[in-house]
$ cat coords_24.csv   # CSV, C-alpha atoms
chain,number,residue,atom,x,y,z
A,279,MET,CA,0.0,0.0,0.0
A,280,VAL,CA,1.5,3.3,-1.1
A,281,CYS,CA,0.5,6.4,0.9
A,282,ASP,CA,1.3,10.1,0.6
A,283,SER,CA,0.1,13.4,2.1
A,284,GLU,CA,-2.7,14.0,-0.4
A,285,ARG,CA,-4.0,10.6,-1.7
A,286,LEU,CA,-4.1,7.0,-0.8
A,287,PHE,CA,-3.7,4.4,-3.6
A,288,CYS,CA,-4.4,0.8,-2.9
A,289,PRO,CA,-5.1,-1.9,-5.5
A,290,ILE,CA,-7.5,-4.7,-5.0
A,291,GLU,CA,-4.7,-7.2,-4.6
A,292,ASN,CA,-3.4,-5.4,-1.5
A,293,ILE,CA,-6.8,-5.4,0.1
A,294,ALA,CA,-6.8,-9.2,-0.1
A,295,TRP,CA,-3.3,-9.3,1.4
A,296,GLN,CA,-4.4,-7.2,4.4
A,297,PHE,CA,-7.5,-9.3,4.9
A,298,SER,CA,-5.5,-12.5,5.0
A,299,PHE,CA,-3.7,-11.2,8.2
A,300,ASN,CA,-6.6,-9.5,9.9
A,301,MET,CA,-9.1,-12.4,9.6
A,302,PHE,CA,-7.3,-14.4,12.2
A,303,GLU,CA,-7.4,-11.7,14.9
A,304,PRO,CA,-9.7,-12.5,17.8
A,305,HIS,CA,-11.6,-9.2,17.6
A,306,VAL,CA,-12.7,-9.6,14.0
A,307,GLY,CA,-16.0,-11.4,13.3
A,308,ARG,CA,-18.5,-11.1,16.2
A,309,GLY,CA,-17.6,-7.7,17.3
A,310,PHE,CA,-18.0,-6.1,13.8
A,311,GLN,CA,-20.7,-6.3,11.2
A,312,ASN,CA,-20.1,-8.4,8.1
A,313,ARG,CA,-21.8,-5.8,5.8
A,314,PHE,CA,-20.4,-2.5,4.6
A,315,SER,CA,-22.8,0.4,4.3
A,316,ALA,CA,-22.1,4.0,3.8
A,317,GLN,CA,-23.5,7.1,2.3
A,318,TYR,CA,-21.5,9.4,0.0
A,319,ARG,CA,-21.9,12.4,-2.2
A,320,CYS,CA,-21.3,11.3,-5.8
A,321,TYR,CA,-19.7,13.2,-8.6
A,322,SER,CA,-18.8,12.2,-12.2
A,323,VAL,CA,-15.2,11.3,-13.0
A,324,SER,CA,-14.6,14.6,-14.8
A,325,MET,CA,-14.8,16.3,-11.3
A,326,LEU,CA,-11.9,14.1,-10.0
A,327,PRO,CA,-9.1,16.4,-9.0
A,328,GLY,CA,-5.6,15.8,-10.3
A,329,PRO,CA,-3.5,16.4,-13.4
A,330,ASN,CA,-4.1,12.9,-14.8
A,331,ASP,CA,-7.0,12.2,-17.2
A,332,ARG,CA,-9.3,9.5,-15.8
A,333,SER,CA,-11.6,9.3,-18.7
A,334,ASP,CA,-11.0,5.5,-18.7
A,335,VAL,CA,-13.2,5.2,-15.6
A,336,ASP,CA,-16.2,6.3,-17.7
A,337,LYS,CA,-15.6,3.3,-20.0
A,338,GLY,CA,-16.2,0.7,-17.2
A,339,GLY,CA,-18.4,-0.2,-14.4
A,340,LYS,CA,-16.2,0.6,-11.3
A,341,ILE,CA,-16.2,3.5,-8.9
A,342,ILE,CA,-13.6,5.4,-6.9
A,343,MET,CA,-14.1,5.4,-3.1
A,344,PRO,CA,-12.4,7.2,-0.2
A,345,PRO,CA,-9.6,5.6,1.9
A,346,SER,CA,-11.8,5.3,4.9
A,347,ALA,CA,-13.9,2.8,3.0
A,348,LEU,CA,-10.8,0.7,2.6
A,349,ASP,CA,-10.2,0.8,6.3
A,350,GLN,CA,-13.7,-0.4,7.1
A,351,LEU,CA,-13.7,-3.1,4.5
A,352,SER,CA,-10.4,-4.5,5.7
A,353,ARG,CA,-12.0,-5.0,9.2
A,354,LEU,CA,-15.1,-6.8,7.8
A,355,ASN,CA,-15.5,-10.4,6.9
A,356,ILE,CA,-16.5,-9.8,3.3
A,357,THR,CA,-15.9,-11.9,0.2
A,358,TYR,CA,-13.7,-11.0,-2.7
A,359,PRO,CA,-13.9,-9.5,-5.3
A,360,MET,CA,-15.7,-6.6,-3.6
A,361,LEU,CA,-19.0,-5.7,-5.2
A,362,PHE,CA,-21.3,-3.0,-4.2
A,363,LYS,CA,-25.0,-2.0,-4.5
A,364,LEU,CA,-25.6,1.6,-5.2
A,365,THR,CA,-29.1,3.0,-4.3
A,366,ASN,CA,-30.6,6.4,-4.9
A,367,LYS,CA,-33.3,6.6,-2.2
A,368,ASN,CA,-34.9,9.7,-3.7
A,369,SER,CA,-35.7,8.0,-7.0
A,370,ASP,CA,-35.7,4.4,-5.8
A,371,ARG,CA,-33.2,3.4,-8.5
A,372,MET,CA,-30.4,0.9,-7.9
A,373,THR,CA,-27.5,-0.6,-9.7
A,374,HIS,CA,-24.3,-2.7,-8.9
A,375,CYS,CA,-20.6,-2.0,-9.5
A,376,GLY,CA,-17.1,-2.8,-8.5
A,377,VAL,CA,-14.4,-0.6,-7.0
A,378,LEU,CA,-11.3,0.6,-8.9
A,379,GLU,CA,-9.4,2.7,-6.4
A,380,PHE,CA,-9.6,4.2,-2.9
A,381,VAL,CA,-8.3,7.7,-3.7
A,382,ALA,CA,-11.4,9.9,-3.4
A,383,ASP,CA,-11.8,12.6,-0.9
A,384,GLU,CA,-13.5,11.7,2.4
A,385,GLY,CA,-17.3,11.6,2.0
A,386,ILE,CA,-17.1,11.6,-1.8
A,387,CYS,CA,-17.2,8.9,-4.4
A,388,TYR,CA,-16.8,9.2,-8.2
A,389,LEU,CA,-19.0,7.3,-10.6
A,390,PRO,CA,-19.0,6.8,-14.4
A,391,HIS,CA,-21.4,9.2,-16.1
A,392,TRP,CA,-23.6,6.5,-17.5
A,393,MET,CA,-24.1,5.1,-14.0
A,394,MET,CA,-25.2,8.5,-12.7
A,395,GLN,CA,-27.7,8.6,-15.4
A,396,ASN,CA,-29.2,5.2,-14.5
A,397,LEU,CA,-29.5,6.3,-10.9
A,398,LEU,CA,-31.0,9.7,-11.8
A,399,LEU,CA,-28.2,11.4,-9.8
A,400,GLU,CA,-26.9,14.9,-10.2
A,401,GLU,CA,-23.5,16.3,-9.2
A,402,GLY,CA,-23.3,16.2,-5.4
A,403,GLY,CA,-26.3,13.9,-5.0
A,404,LEU,CA,-26.4,11.3,-2.1
A,405,VAL,CA,-25.9,7.6,-2.9
A,406,GLN,CA,-26.1,4.6,-0.6
A,407,VAL,CA,-23.2,2.2,-1.0
A,408,GLU,CA,-23.6,-1.4,0.4
A,409,SER,CA,-21.4,-4.5,-0.1
A,410,VAL,CA,-23.1,-7.4,-1.7
A,411,ASN,CA,-22.4,-11.0,-2.9
A,412,LEU,CA,-23.5,-11.7,-6.5
A,413,MET,CA,-23.7,-15.0,-8.4
A,414,VAL,CA,-21.5,-15.6,-11.4
A,415,ALA,CA,-23.2,-14.8,-14.7
A,416,THR,CA,-24.0,-17.5,-17.2
A,417,TYR,CA,-26.1,-15.6,-19.7
A,418,SER,CA,-26.8,-12.0,-20.7
A,419,LYS,CA,-28.9,-10.3,-23.3
A,420,PHE,CA,-28.3,-6.7,-24.6
A,421,GLN,CA,-30.3,-4.3,-26.7
A,422,PRO,CA,-28.4,-1.6,-28.6
A,423,GLN,CA,-30.0,1.8,-28.2
A,424,SER,CA,-29.2,2.9,-31.8
A,425,PRO,CA,-29.1,1.1,-35.1
A,426,ASP,CA,-25.6,2.4,-35.6
A,427,PHE,CA,-24.4,-0.6,-33.5
A,428,LEU,CA,-25.1,-2.8,-36.6
A,429,ASP,CA,-22.2,-1.1,-38.4
A,430,ILE,CA,-19.7,-2.9,-36.1
A,431,THR,CA,-18.2,-5.9,-37.9
A,432,ASN,CA,-17.9,-8.2,-34.9
A,433,PRO,CA,-20.1,-6.8,-32.1
A,434,LYS,CA,-19.5,-9.8,-29.7
A,435,ALA,CA,-15.8,-9.3,-29.8
A,436,VAL,CA,-16.2,-5.5,-29.2
A,437,LEU,CA,-18.5,-6.2,-26.2
A,438,GLU,CA,-16.3,-8.8,-24.7
A,439,ASN,CA,-13.4,-6.4,-24.8
A,440,ALA,CA,-15.4,-3.6,-23.2
A,441,LEU,CA,-16.8,-5.8,-20.4
A,442,ARG,CA,-13.3,-6.4,-19.1
A,443,ASN,CA,-13.7,-3.0,-17.4
A,444,PHE,CA,-16.9,-4.1,-15.7
A,445,ALA,CA,-17.4,-6.1,-12.5
A,446,CYS,CA,-21.1,-6.9,-12.6
A,447,LEU,CA,-24.3,-6.3,-14.6
A,448,THR,CA,-27.8,-5.4,-13.5
A,449,THR,CA,-30.9,-6.0,-15.5
A,450,GLY,CA,-32.4,-2.8,-16.7
A,451,ASP,CA,-29.2,-0.8,-16.7
A,452,VAL,CA,-28.0,1.1,-19.8
A,453,ILE,CA,-24.3,0.7,-20.1
A,454,ALA,CA,-22.0,2.7,-22.3
A,455,ILE,CA,-19.0,1.2,-24.3
A,456,ASN,CA,-16.5,3.1,-26.3
A,457,TYR,CA,-15.4,1.8,-29.7
A,458,ASN,CA,-13.7,3.6,-32.6
A,459,GLU,CA,-14.0,7.0,-30.9
A,460,LYS,CA,-17.8,6.6,-30.6
A,461,VAL,CA,-20.0,5.8,-27.6
A,462,TYR,CA,-22.6,3.0,-28.0
A,463,GLU,CA,-25.3,2.5,-25.4
A,464,LEU,CA,-26.6,-1.0,-24.6
A,465,ARG,CA,-29.5,-1.9,-22.4
A,466,VAL,CA,-29.1,-5.0,-20.2
A,467,MET,CA,-32.4,-6.9,-21.1
A,468,GLU,CA,-31.7,-10.1,-19.2
A,469,THR,CA,-29.2,-11.7,-17.0
A,470,LYS,CA,-28.9,-15.3,-15.6
A,471,PRO,CA,-29.0,-16.8,-13.0
A,472,ASP,CA,-30.1,-13.6,-11.2
A,473,LYS,CA,-31.1,-10.0,-12.0
A,474,ALA,CA,-27.7,-8.8,-10.8
A,475,VAL,CA,-24.6,-11.0,-11.6
A,476,SER,CA,-20.9,-10.9,-11.4
A,477,ILE,CA,-18.9,-11.1,-14.7
A,478,ILE,CA,-15.4,-11.5,-13.2
A,479,GLU,CA,-13.8,-14.7,-14.5
A,480,CYS,CA,-17.0,-16.2,-15.9
A,481,ASP,CA,-18.0,-18.1,-18.9
A,482,MET,CA,-21.1,-16.1,-20.1
A,483,ASN,CA,-23.2,-16.5,-23.2
A,484,VAL,CA,-24.1,-13.2,-24.9
A,485,ASP,CA,-27.1,-12.5,-27.0
A,486,PHE,CA,-28.3,-9.4,-28.8
A,487,ASP,CA,-31.8,-8.1,-29.3
A,488,ALA,CA,-32.9,-5.9,-32.2
A,489,PRO,CA,-31.6,-2.3,-31.9
A,490,LEU,CA,-34.0,0.3,-30.6
A,491,GLY,CA,-35.7,1.9,-33.6
A,492,TYR,CA,-34.5,-0.7,-36.1
A,493,LYS,CA,-36.9,-1.7,-38.8
A,494,GLU,CA,-36.4,-4.8,-41.0
A,495,PRO,CA,-36.6,-4.1,-44.7
A,496,GLU,CA,-39.9,-5.1,-46.2
A,497,ARG,CA,-40.0,-8.0,-48.5
A,498,HIS,CA,-42.3,-7.7,-51.4
A,499,MET,CA,-43.8,-11.0,-52.5
A,500,GLN,CA,-43.7,-11.4,-56.2
A,501,HIS,CA,-47.1,-12.8,-57.4
A,502,PRO,CA,-47.3,-14.4,-60.8
A,503,GLU,CA,-48.9,-11.9,-63.1
A,504,GLU,CA,-51.8,-13.0,-65.2
A,505,PRO,CA,-51.2,-12.7,-69.0
A,506,ALA,CA,-52.5,-9.4,-70.2
A,507,GLU,CA,-54.9,-9.1,-73.1
A,508,GLU,CA,-53.4,-8.9,-76.5
A,509,GLU,CA,-52.5,-5.3,-77.3
A,510,THR,CA,-53.4,-3.9,-80.6
A,511,ASP,CA,-52.1,-0.4,-80.2
A,512,PRO,CA,-49.6,0.3,-83.0
A,513,SER,CA,-47.7,2.7,-80.8
A,514,ASN,CA,-46.5,-0.3,-78.7
A,515,TYR,CA,-44.9,-2.0,-81.7
A,516,ASP,CA,-41.2,-2.2,-82.2
A,517,VAL,CA,-40.0,0.2,-84.8
A,518,ASP,CA,-36.8,-0.5,-86.9
A,519,PHE,CA,-34.6,2.6,-86.5
A,520,GLY,CA,-32.1,1.4,-89.0
A,521,PHE,CA,-30.2,3.6,-91.5
A,522,ARG,CA,-32.3,6.1,-93.5
A,523,ALA,CA,-30.7,8.1,-96.2
A,524,PHE,CA,-30.7,11.9,-96.1
A,525,THR,CA,-32.4,12.2,-92.7
A,526,GLY,CA,-29.7,14.1,-90.8
A,527,SER,CA,-29.4,17.8,-90.3
A,528,GLY,CA,-27.0,20.1,-92.2
A,529,ASN,CA,-24.6,22.9,-91.3
A,530,ARG,CA,-24.0,26.3,-92.9
A,531,LEU,CA,-20.7,28.1,-93.3
A,532,ASP,CA,-22.2,31.3,-92.0
A,533,GLY,CA,-23.4,29.7,-88.8
A,534,LYS,CA,-27.0,30.4,-89.4
A,535,LYS,CA,-29.6,27.8,-88.5
A,536,LYS,CA,-32.1,28.8,-91.2
A,537,GLY,CA,-33.1,26.1,-93.6
A,538,ILE,CA,-31.1,23.3,-92.0
A,539,GLU,CA,-33.9,21.6,-90.1
A,540,PRO,CA,-34.0,17.9,-91.0
A,541,SER,CA,-37.0,16.7,-92.8
A,542,PRO,CA,-37.9,13.3,-91.4
A,543,ALA,CA,-38.7,10.7,-94.0
A,544,PRO,CA,-42.1,9.0,-93.6
A,545,LEU,CA,-42.2,5.6,-92.0
A,546,ASP,CA,-42.9,2.7,-94.2
A,547,PRO,CA,-45.5,0.3,-92.8
A,548,SER,CA,-43.0,-2.5,-93.4
A,549,ASP,CA,-40.6,-0.9,-90.9
A,550,ILE,CA,-43.1,-1.5,-88.0
A,551,LYS,CA,-42.5,-4.9,-86.5
A,552,ARG,CA,-44.9,-6.5,-84.2
A,553,GLY,CA,-43.7,-8.8,-81.5
A,554,ILE,CA,-44.7,-12.5,-81.6
A,555,PRO,CA,-46.0,-13.7,-78.3
A,556,ASN,CA,-44.8,-16.9,-76.8
A,557,TYR,CA,-47.9,-19.0,-76.6
A,558,GLU,CA,-46.1,-21.8,-74.7
A,559,PHE,CA,-45.3,-19.5,-71.8
A,560,LYS,CA,-45.6,-21.2,-68.3
A,561,VAL,CA,-45.6,-19.4,-65.0
A,562,GLY,CA,-42.3,-19.9,-63.1
A,563,LYS,CA,-40.4,-21.0,-66.2
A,564,ILE,CA,-37.9,-18.9,-68.2
A,565,THR,CA,-37.3,-19.7,-71.8
A,566,PHE,CA,-34.1,-18.5,-73.5
A,567,ILE,CA,-34.7,-18.2,-77.3
A,568,ARG,CA,-31.4,-18.5,-79.0
A,569,ASN,CA,-30.6,-18.2,-82.7
A,570,ALA,CA,-34.0,-16.7,-83.3
A,571,ARG,CA,-33.0,-15.4,-86.7
A,572,GLN,CA,-33.3,-17.7,-89.7
A,573,GLN,CA,-29.8,-19.1,-90.5
A,574,PRO,CA,-28.7,-19.4,-94.1
A,575,ARG,CA,-28.9,-22.8,-95.6
A,576,ARG,CA,-25.7,-24.7,-95.4
A,577,PHE,CA,-24.1,-26.3,-98.5
A,578,ASP,CA,-25.0,-29.9,-98.4
A,579,ILE,CA,-22.6,-32.3,-100.2
A,580,ASP,CA,-25.2,-35.0,-100.6
A,581,ASP,CA,-27.5,-32.6,-102.4
A,582,MET,CA,-24.7,-31.6,-104.7
A,583,ALA,CA,-23.9,-35.2,-105.5
A,584,THR,CA,-27.5,-35.9,-106.4
A,585,ASN,CA,-28.2,-32.9,-108.6
A,586,PHE,CA,-24.7,-32.6,-110.1
A,587,ILE,CA,-24.6,-32.6,-113.9
A,588,ALA,CA,-21.2,-32.5,-115.6
A,589,PHE,CA,-20.4,-29.6,-118.0
A,590,SER,CA,-23.8,-28.1,-117.5
A,591,GLY,CA,-22.4,-24.6,-116.8
A,592,GLU,CA,-22.2,-21.7,-119.3
A,593,GLY,CA,-18.9,-20.5,-120.7
A,594,GLN,CA,-17.6,-17.0,-121.5
A,595,SER,CA,-15.5,-15.9,-124.5
A,596,LEU,CA,-13.0,-13.1,-124.6
A,597,ARG,CA,-13.9,-12.4,-128.2
A,598,LYS,CA,-16.9,-10.4,-129.0
A,599,LYS,CA,-19.4,-11.8,-131.4
A,600,GLY,CA,-19.4,-10.4,-134.9
A,601,ARG,CA,-15.8,-9.4,-135.0
A,602,LYS,CA,-13.1,-11.2,-136.9
A,603,PRO,CA,-9.7,-11.7,-135.4
$ encode --input "coords_24.csv" --output "structure tokens"
Amino acid sequence: MVCDSERLFCPIENIAWQFSFNMFEPHVGRGFQNRFSAQYRCYSVSMLPGPNDRSDVDKGGKIIMPPSALDQLSRLNITYPMLFKLTNKNSDRMTHCGVLEFVADEGICYLPHWMMQNLLLEEGGLVQVESVNLMVATYSKFQPQSPDFLDITNPKAVLENALRNFACLTTGDVIAINYNEKVYELRVMETKPDKAVSIIECDMNVDFDAPLGYKEPERHMQHPEEPAEEETDPSNYDVDFGFRAFTGSGNRLDGKKKGIEPSPAPLDPSDIKRGIPNYEFKVGKITFIRNARQQPRRFDIDDMATNFIAFSGEGQSLRKKGRKP
């Protein structure tokens, strides 16, 4: 245990070391209560004096208590790790937490901001702190309070890493985790085997509920459409927009636009092609029509052998008729 004139710092390991020597003293046990209970004025971690930035406390579920609490706890027959129940008697709200350090001023304790919100506490409000024993967690279910939580690639791994800074969970609490410079809030929907459980050195199954405000995309069922009646409107026919001579616009050297408007050639009725319906169409079946155009007839050797007549062609002469050589 390291002590100085201003602050007292004592890790959790040193508390267990002190208790191992004090538990065998004859005055410990019957003469003192086995339950710690005290009332403190609570402040957020940002109000903690000192040059060091303690924003890491806001990322977990542990509080900072005064050194007098350590002295009382070392004289009590309590179980480790030390877990506490925080109660706001004015709003009848409660939660559970662990302890990080014993360096706060006397009569004051420092809480994470999200914990003060759950307890409906303001700066300087009174909170009752009591030591409790909690069962080890086996299952927990969380509900993200924003659909932005779905943007995380591996939410279970992120939550597992964030819960290392927590000591226990309470059903109904809204905890805050920090990931990628963004704060995500998660409501504890369910915990087993009790409404308040310890998550220190436990094998816990984690499940997620749908985020608050999340709406699943609507799935439109595709119903087979009934074949429509045969259309006879010529405007719906396919029109062959192939090459047409002298249908473009002209340009003048003087830049004027007069007299260069194109005169469209009238459409020939033969250019309008009407589609041929597939009378063999079946619902749920797709037919790929390949090589729809008529292929030119291939040269058949058998036909040539059957219709072949020797020397039946016409010859040509270089000399013109009626002229002597």
$ atom_distance --input "coords_24.csv" --atom1 "CA of Ala435 in chain A" --atom2 "CA of Gln395 in chain A"
25.9 Å
$ atom_distance --input "coords_24.csv" --atom1 "CA of Ser424 in chain A" --atom2 "CA of Lys493 in chain A"
11.4 Å
$ atom_distance --input "coords_24.csv" --atom1 "CA of Asn483 in chain A" --atom2 "CA of Lys419 in chain A"
8.4 Å
$ axis_aligned_box --input "coords_24.csv" --around "range 384-387 of chain A" --padding-each-side "4 Å" --output "JSON"
{"center_x": -15.4, "center_y": 10.3, "center_z": -1.0, "size_x": 11.8, "size_y": 10.8, "size_z": 14.8}
$ residues_around --input "coords_24.csv" --residues "Ile453 in chain A" --least-positions-apart "6" --cutoff "9 Å" --atoms "only C-alpha atoms" --output "list in words"
Gly338, Gly339, Trp392, Met393, Asn396, Leu447, Tyr462, Glu463, Leu464, Arg465 and Val466 of chain A
$ closest_residue --input "coords_24.csv" --among "A:Asp370, A:Asp429, A:Glu468, A:Asp383" --to "Ser346 in chain A" --atoms "only C-alpha atoms"
A:Asp383
$ residues_around --input "coords_24.csv" --residues "Leu397 in chain A" --least-positions-apart "2" --cutoff "8 Å" --atoms "only C-alpha atoms" --output "list in words"
Thr365, Asn366, Ser369, Arg371, Met372, Thr373, Met393, Met394, Gln395 and Leu399 of chain A
$ closest_residue --input "coords_24.csv" --among "A:Val323, A:Val461, A:Ala588, A:Val484" --to "Tyr388 in chain A" --atoms "only C-alpha atoms"
A:Val323
$ closest_residue --input "coords_24.csv" --among "A:Lys563, A:Lys473, A:His374, A:His391" --to "Asp334 in chain A" --atoms "all atoms listed in the file"
A:His391
$ residues_around --input "coords_24.csv" --residues "Phe427 in chain A" --least-positions-apart "5" --cutoff "12 Å" --atoms "only C-alpha atoms" --output "ChimeraX atom specification"
/A:420-422,432-434,436-437,454-458,460-464,486-492
$ decode --input "coords_24.csv" --residues "range 364-432 of chain A" --atoms "C-alpha atoms" --output "compact mmCIF listing (two decimals), in the first residue's frame"
# COMPACT_ATOMS: atom_id res chain seq x y z
CA LEU A 364 -25.64 1.64 -5.23
CA THR A 365 -29.05 3.04 -4.33
CA ASN A 366 -30.62 6.44 -4.89
CA LYS A 367 -33.30 6.58 -2.22
CA ASN A 368 -34.92 9.68 -3.70
CA SER A 369 -35.74 8.00 -7.03
CA ASP A 370 -35.71 4.38 -5.78
CA ARG A 371 -33.17 3.43 -8.45
CA MET A 372 -30.38 0.94 -7.89
CA THR A 373 -27.45 -0.64 -9.70
CA HIS A 374 -24.32 -2.66 -8.93
CA CYS A 375 -20.65 -1.95 -9.47
CA GLY A 376 -17.09 -2.78 -8.47
CA VAL A 377 -14.37 -0.59 -6.98
CA LEU A 378 -11.33 0.61 -8.90
CA GLU A 379 -9.35 2.69 -6.38
CA PHE A 380 -9.58 4.24 -2.92
CA VAL A 381 -8.25 7.71 -3.73
CA ALA A 382 -11.36 9.92 -3.45
CA ASP A 383 -11.78 12.64 -0.85
CA GLU A 384 -13.55 11.68 2.35
CA GLY A 385 -17.33 11.58 2.03
CA ILE A 386 -17.13 11.58 -1.79
CA CYS A 387 -17.19 8.86 -4.42
CA TYR A 388 -16.76 9.18 -8.18
CA LEU A 389 -19.04 7.32 -10.59
CA PRO A 390 -19.03 6.84 -14.37
CA HIS A 391 -21.38 9.22 -16.15
CA TRP A 392 -23.64 6.45 -17.50
CA MET A 393 -24.06 5.08 -13.96
CA MET A 394 -25.19 8.46 -12.65
CA GLN A 395 -27.74 8.62 -15.45
CA ASN A 396 -29.15 5.21 -14.50
CA LEU A 397 -29.49 6.31 -10.88
CA LEU A 398 -30.95 9.71 -11.85
CA LEU A 399 -28.24 11.42 -9.82
CA GLU A 400 -26.91 14.94 -10.22
CA GLU A 401 -23.52 16.27 -9.22
CA GLY A 402 -23.31 16.17 -5.43
CA GLY A 403 -26.28 13.87 -4.96
CA LEU A 404 -26.40 11.32 -2.14
CA VAL A 405 -25.93 7.64 -2.91
CA GLN A 406 -26.06 4.65 -0.58
CA VAL A 407 -23.20 2.16 -1.03
CA GLU A 408 -23.59 -1.37 0.36
CA SER A 409 -21.43 -4.46 -0.06
CA VAL A 410 -23.14 -7.44 -1.69
CA ASN A 411 -22.41 -10.97 -2.91
CA LEU A 412 -23.51 -11.73 -6.47
CA MET A 413 -23.74 -14.98 -8.38
CA VAL A 414 -21.51 -15.59 -11.37
CA ALA A 415 -23.16 -14.81 -14.70
CA THR A 416 -23.97 -17.53 -17.22
CA TYR A 417 -26.11 -15.60 -19.73
CA SER A 418 -26.84 -11.99 -20.65
CA LYS A 419 -28.86 -10.28 -23.35
CA PHE A 420 -28.28 -6.74 -24.61
CA GLN A 421 -30.29 -4.33 -26.75
CA PRO A 422 -28.38 -1.59 -28.60
CA GLN A 423 -30.03 1.78 -28.23
CA SER A 424 -29.16 2.85 -31.76
CA PRO A 425 -29.11 1.08 -35.15
CA ASP A 426 -25.56 2.40 -35.59
CA PHE A 427 -24.40 -0.57 -33.52
CA LEU A 428 -25.07 -2.77 -36.56
CA ASP A 429 -22.17 -1.05 -38.36
CA ILE A 430 -19.70 -2.90 -36.11
CA THR A 431 -18.24 -5.90 -37.92
CA ASN A 432 -17.86 -8.16 -34.86
